[in-house]
Amino acid sequence: MRKTYVLDTNVLIQAPDAVFQFEDNDLIIPLTVLEELDGMKKADGEKGVNARAAVRVLEQLRQKGDLVEGVSLRSGGTLRVEPNCVGIQLPEELPEDKKDNRILRVCKALSQEKKSVILVTKDIVLRVKASIIGVQAEDFESEQVAEGVQQYTGRIICYAPEEEFKGFSKKGMPKEVLYQVDQAGNVSAPWLYENQFVTIKADQSRKKTQLGRICGDKVVPLEYRKAKPYGVEPRNAGQYFLQEALMAPSEKIPLVIVKGMAGTAKTFYSLAVGLEKTLNSDTMEYRRILISRPNSQFDDEIGFLPGDEQDKIAPLMRPVIDNLEQLIDSDEKERYKNETELRSKVEEVFDRGLIQAEALNFIRGRSIVKTYLIIDEAQNTTPNQIKGIITRAGKGTKIVLLGDPFQIDRPFLDERTNGLSYASEHMKGSRFCCQITMLPEECERSELATDAIERL
């Protein structure tokens with residue numbers, strides 16, 4: 001049945017091409033949404049860029065016909081702009097001077113004419129208010145992925161016949177021999193993806209375990225298992241997988257996606273490999289490490305902070321500096337005895353240009369070449385931002401996306417709609433991408449942190 005969808009401003013800000021993602025249904029854009037877009041189009045950062053993109057989409061449609069009367073979409077549906085329906089009354093508790101309530105008034109008017117009117121908004125409060133006046137409301141789901149616990153982890157545990165373990169370290173094993181067993185004892189063939197990491201257990205001996213990676217029709221052993229990037233040695237299976245993905249050259253694996261909660265050494269290990277490849281590599285694989293952490297306030301409010309770019313983003317880089325202190329001075333007993341000396345060592349790395357930090361919106365439009373690019377806290381990016389970041393990769397660049405999909409600080413994003421989860425789902429099975437989700441039991445921060453993860 002043909003439906004009528006009313007779009008909120010935040011949908012167009014997150015996905016400027018959202019109007020093409022509703023198949024053969026009718027779309028309504030309230031006039032107040034156009035006013036909001038007009039007010040945002042000069043804003044800095046992601047908000048302004050997406051507002052301008054949404055306006056351009058509407059302009060292209062306007063050239064095809066009258067937006068008030070309605071124009072046809074390539075999806076088979078229609079789109080029109082609806083005035084504010086001033087004759088429709090809302091409850092007194094919903095004052096008309098608020099833009100959200102003007103959108104609700106449009107929905108209420110349309111619902112009196114048509115049976116199936118749905119408000120699409122990222123704003124949870126607006127969805128609640130819609131239900132109060134009897135209007136159906138939904139989240140924008142076109143960019144949603146599976147819930148957190150069902151998302152792709154990049155790793156799997158399988159069993160294999162004991163005889164396949166002989167010579168695995170040299171020639172690997174066919175992936176067809178892998179199988180899984182459920183709690184009821186039923187055997188099934190696993191669904192495997194390219195570059196997926198595998199913990200292989202012998203079916204006759206509990207003590208025999210191998211770590212491998214899916215490569216074509218085989219499971220191959222880890223190539224960098226014995227590496228110690230910048231003196232760091234993996235302590236668990238997840239870190240072995242993480243090391244394998246990070247150490248692989250950019251020509252082979254230019255994109256690495258790492259998910260996991262705090263304390264699982266995501267940032268620490270990524271920096272360790274970056275320093276190893278930048279400082280200790282004979283081939284000078286990367287000329288620098290570029291680090292960025294998204295500001296949860298759309299990245300545009302950085303302009304209101306005092307100082308130059310580095311001063312403005314310094315607070316965002318503090319967690320990165322904490323990890324650098326541990327890597328640059330590995331002696332835990334002596335590290336903090338001279339804070340001034342330690343700080344000077346960290347500053348030297350930045351002064352030499354070996355590590356650079358930039359605000360996320362400053363990466364837009366660039367072609368980044370021969371760079372080890374770390375996007376920390378990537379769960380606070382939008383799908384549109386992640387698309388822009390990945391497409392910025394030039395020759396010899398490796399992009400590392402780090403984050404915890406369950407720790408979202410940005411409005412209108414959650415574990416299903418953030419850029420990190422979006423990239424993970426859509427790059428699943430790509431031969432250019434390795435992914436790994438670190439497990440809670442692989443937390444290496446401290447005994448207290450590990451205990452808290454299990455209890456809280």
# chains A, B, ... in the order shown; residues from 1 in each chain; ligands from 1
>>> residues_around(residues="region 273-281 of chain A", least_positions_apart="4", cutoff="8 Å", atoms="only C-alpha atoms", output="list of chain:residue names")
A:Pro229, A:Tyr230, A:Gln243, A:Leu246, A:Met247, A:Tyr269, A:Glu285, A:Tyr286, A:Arg287, A:Arg288, A:Ile289, A:Leu354, A:Tyr372
>>> residues_around(residues="region 408-411 of chain A", least_positions_apart="2", cutoff="12 Å", atoms="only C-alpha atoms", output="JSON, numbers by chain")
{"A": [10, 13, 14, 122, 123, 124, 125, 261, 294, 295, 296, 297, 298, 299, 377, 378, 379, 380, 381, 382, 403, 404, 405, 406, 413, 414, 415, 416, 417, 418, 419, 420, 421]}
>>> write_last_selection(atoms="C-alpha atoms", output="PDB file, in the first residue's frame")
ATOM      1  CA  ASN A  10      17.466  15.898  10.904  1.00  0.00           C
ATOM      2  CA  ILE A  13      20.978  16.567   7.574  1.00  0.00           C
ATOM      3  CA  GLN A  14      22.146  13.002   8.180  1.00  0.00           C
ATOM      4  CA  LYS A 122      15.785  10.965  14.238  1.00  0.00           C
ATOM      5  CA  ASP A 123      14.398  12.873  17.232  1.00  0.00           C
ATOM      6  CA  ILE A 124      13.077  10.438  19.853  1.00  0.00           C
ATOM      7  CA  VAL A 125      11.195  13.174  21.727  1.00  0.00           C
ATOM      8  CA  MET A 261      34.854  -1.282  24.625  1.00  0.00           C
ATOM      9  CA  PRO A 294      35.174  13.532  15.858  1.00  0.00           C
ATOM     10  CA  ASN A 295      33.722  16.252  18.008  1.00  0.00           C
ATOM     11  CA  SER A 296      30.310  15.084  19.185  1.00  0.00           C
ATOM     12  CA  GLN A 297      28.924  18.569  18.511  1.00  0.00           C
ATOM     13  CA  PHE A 298      28.971  18.222  14.702  1.00  0.00           C
ATOM     14  CA  ASP A 299      32.580  19.448  14.515  1.00  0.00           C
ATOM     15  CA  GLU A 377      35.948   7.308  18.520  1.00  0.00           C
ATOM     16  CA  ALA A 378      34.579   6.677  15.016  1.00  0.00           C
ATOM     17  CA  GLN A 379      31.199   5.693  16.486  1.00  0.00           C
ATOM     18  CA  ASN A 380      30.508   9.436  16.738  1.00  0.00           C
ATOM     19  CA  THR A 381      30.635   9.886  12.964  1.00  0.00           C
ATOM     20  CA  THR A 382      27.676   9.718  10.611  1.00  0.00           C
ATOM     21  CA  GLY A 403      35.363   2.880  18.396  1.00  0.00           C
ATOM     22  CA  ASP A 404      32.683   1.377  20.588  1.00  0.00           C
ATOM     23  CA  PRO A 405      29.200   1.381  18.971  1.00  0.00           C
ATOM     24  CA  PHE A 406      27.623   1.307  22.436  1.00  0.00           C
ATOM     25  CA  LEU A 413      23.042   8.477  16.418  1.00  0.00           C
ATOM     26  CA  ASP A 414      22.884   5.057  18.063  1.00  0.00           C
ATOM     27  CA  GLU A 415      24.577   1.655  17.754  1.00  0.00           C
ATOM     28  CA  ARG A 416      22.658   0.970  14.517  1.00  0.00           C
ATOM     29  CA  THR A 417      23.059   4.282  12.702  1.00  0.00           C
ATOM     30  CA  ASN A 418      26.591   5.506  13.467  1.00  0.00           C
ATOM     31  CA  GLY A 419      29.311   5.613  10.833  1.00  0.00           C
ATOM     32  CA  LEU A 420      31.472   2.923  12.432  1.00  0.00           C
ATOM     33  CA  SER A 421      28.687   0.329  12.397  1.00  0.00           C
TER      34      SER A 421
END
>>> residues_around(residues="region 212-215 of chain A", least_positions_apart="4", cutoff="8 Å", atoms="only C-alpha atoms", output="ChimeraX atom specification")
/A:175,192-200,219-222
>>> write_last_selection(atoms="C-alpha atoms", output="PDB file, in the first residue's frame")
ATOM      1  CA  LYS A 175      37.881 -23.452   4.624  1.00  0.00           C
ATOM      2  CA  LEU A 192      32.504 -17.185   6.282  1.00  0.00           C
ATOM      3  CA  TYR A 193      33.615 -13.862   4.819  1.00  0.00           C
ATOM      4  CA  GLU A 194      36.823 -12.776   3.118  1.00  0.00           C
ATOM      5  CA  ASN A 195      39.447 -11.603   5.655  1.00  0.00           C
ATOM      6  CA  GLN A 196      37.431 -12.921   8.587  1.00  0.00           C
ATOM      7  CA  PHE A 197      39.623 -14.080  11.477  1.00  0.00           C
ATOM      8  CA  VAL A 198      39.164 -17.624  12.720  1.00  0.00           C
ATOM      9  CA  THR A 199      40.018 -19.342  15.980  1.00  0.00           C
ATOM     10  CA  ILE A 200      40.331 -22.983  14.940  1.00  0.00           C
ATOM     11  CA  VAL A 219      42.253 -20.416   5.991  1.00  0.00           C
ATOM     12  CA  VAL A 220      45.773 -19.032   6.099  1.00  0.00           C
ATOM     13  CA  PRO A 221      47.969 -18.666   9.212  1.00  0.00           C
ATOM     14  CA  LEU A 222      48.656 -15.231  10.654  1.00  0.00           C
TER      15      LEU A 222
END
>>> select_by_dssp(residues="region 39-173 of chain A", states="alpha helix (DSSP H)", output="count of residues only")
48
>>> select_by_dssp(residues="region 28-149 of chain A", states="strand (DSSP E or B)", output="PyMOL selection string")
chain A and resi 28-30+71-72+78-82+117-120+136-138
>>> decode(residues="region 185-201 of chain A", atoms="N, CA, C and O atoms", output="PDB file, in the first residue's frame")
ATOM      1  N   GLY A 185      24.386 -30.042  19.951  1.00  0.00           N
ATOM      2  CA  GLY A 185      25.273 -30.998  19.300  1.00  0.00           C
ATOM      3  C   GLY A 185      25.110 -31.070  17.796  1.00  0.00           C
ATOM      4  O   GLY A 185      25.720 -31.928  17.143  1.00  0.00           O
ATOM      5  N   ASN A 186      24.316 -30.177  17.218  1.00  0.00           N
ATOM      6  CA  ASN A 186      24.111 -30.180  15.768  1.00  0.00           C
ATOM      7  C   ASN A 186      25.293 -29.521  15.054  1.00  0.00           C
ATOM      8  O   ASN A 186      25.753 -28.459  15.458  1.00  0.00           O
ATOM      9  N   VAL A 187      25.764 -30.149  14.004  1.00  0.00           N
ATOM     10  CA  VAL A 187      26.901 -29.662  13.236  1.00  0.00           C
ATOM     11  C   VAL A 187      26.404 -28.861  12.033  1.00  0.00           C
ATOM     12  O   VAL A 187      25.459 -29.272  11.351  1.00  0.00           O
ATOM     13  N   SER A 188      27.038 -27.721  11.781  1.00  0.00           N
ATOM     14  CA  SER A 188      26.655 -26.890  10.637  1.00  0.00           C
ATOM     15  C   SER A 188      27.880 -26.236  10.032  1.00  0.00           C
ATOM     16  O   SER A 188      28.901 -26.048  10.700  1.00  0.00           O
ATOM     17  N   ALA A 189      27.768 -25.895   8.751  1.00  0.00           N
ATOM     18  CA  ALA A 189      28.855 -25.174   8.077  1.00  0.00           C
ATOM     19  C   ALA A 189      28.733 -23.690   8.392  1.00  0.00           C
ATOM     20  O   ALA A 189      27.653 -23.114   8.272  1.00  0.00           O
ATOM     21  N   PRO A 190      29.798 -23.036   8.802  1.00  0.00           N
ATOM     22  CA  PRO A 190      29.729 -21.609   9.144  1.00  0.00           C
ATOM     23  C   PRO A 190      29.642 -20.741   7.901  1.00  0.00           C
ATOM     24  O   PRO A 190      30.099 -21.122   6.821  1.00  0.00           O
ATOM     25  N   TRP A 191      29.057 -19.564   8.054  1.00  0.00           N
ATOM     26  CA  TRP A 191      29.040 -18.567   6.983  1.00  0.00           C
ATOM     27  C   TRP A 191      30.301 -17.722   7.138  1.00  0.00           C
ATOM     28  O   TRP A 191      30.458 -16.993   8.102  1.00  0.00           O
ATOM     29  N   LEU A 192      31.195 -17.823   6.180  1.00  0.00           N
ATOM     30  CA  LEU A 192      32.504 -17.185   6.282  1.00  0.00           C
ATOM     31  C   LEU A 192      32.652 -16.051   5.271  1.00  0.00           C
ATOM     32  O   LEU A 192      32.116 -16.128   4.163  1.00  0.00           O
ATOM     33  N   TYR A 193      33.382 -15.019   5.677  1.00  0.00           N
ATOM     34  CA  TYR A 193      33.615 -13.862   4.819  1.00  0.00           C
ATOM     35  C   TYR A 193      35.108 -13.691   4.560  1.00  0.00           C
ATOM     36  O   TYR A 193      35.947 -14.095   5.372  1.00  0.00           O
ATOM     37  N   GLU A 194      35.432 -13.075   3.441  1.00  0.00           N
ATOM     38  CA  GLU A 194      36.823 -12.776   3.118  1.00  0.00           C
ATOM     39  C   GLU A 194      37.449 -11.923   4.218  1.00  0.00           C
ATOM     40  O   GLU A 194      36.836 -10.977   4.732  1.00  0.00           O
ATOM     41  N   ASN A 195      38.661 -12.284   4.613  1.00  0.00           N
ATOM     42  CA  ASN A 195      39.447 -11.603   5.655  1.00  0.00           C
ATOM     43  C   ASN A 195      38.886 -11.770   7.069  1.00  0.00           C
ATOM     44  O   ASN A 195      39.339 -11.098   7.995  1.00  0.00           O
ATOM     45  N   GLN A 196      37.933 -12.651   7.240  1.00  0.00           N
ATOM     46  CA  GLN A 196      37.431 -12.921   8.587  1.00  0.00           C
ATOM     47  C   GLN A 196      38.466 -13.719   9.366  1.00  0.00           C
ATOM     48  O   GLN A 196      39.105 -14.630   8.835  1.00  0.00           O
ATOM     49  N   PHE A 197      38.669 -13.368  10.634  1.00  0.00           N
ATOM     50  CA  PHE A 197      39.623 -14.080  11.477  1.00  0.00           C
ATOM     51  C   PHE A 197      38.948 -15.290  12.118  1.00  0.00           C
ATOM     52  O   PHE A 197      37.771 -15.231  12.490  1.00  0.00           O
ATOM     53  N   VAL A 198      39.724 -16.362  12.237  1.00  0.00           N
ATOM     54  CA  VAL A 198      39.164 -17.624  12.720  1.00  0.00           C
ATOM     55  C   VAL A 198      40.025 -18.190  13.845  1.00  0.00           C
ATOM     56  O   VAL A 198      41.251 -18.287  13.715  1.00  0.00           O
ATOM     57  N   THR A 199      39.382 -18.538  14.938  1.00  0.00           N
ATOM     58  CA  THR A 199      40.018 -19.342  15.980  1.00  0.00           C
ATOM     59  C   THR A 199      39.626 -20.778  15.710  1.00  0.00           C
ATOM     60  O   THR A 199      38.443 -21.140  15.792  1.00  0.00           O
ATOM     61  N   ILE A 200      40.607 -21.609  15.359  1.00  0.00           N
ATOM     62  CA  ILE A 200      40.331 -22.983  14.940  1.00  0.00           C
ATOM     63  C   ILE A 200      40.686 -23.942  16.071  1.00  0.00           C
ATOM     64  O   ILE A 200      41.809 -23.924  16.585  1.00  0.00           O
ATOM     65  N   LYS A 201      39.731 -24.752  16.448  1.00  0.00           N
ATOM     66  CA  LYS A 201      39.941 -25.742  17.497  1.00  0.00           C
ATOM     67  C   LYS A 201      39.898 -27.145  16.900  1.00  0.00           C
ATOM     68  O   LYS A 201      39.065 -27.439  16.044  1.00  0.00           O
TER      69      LYS A 201
END
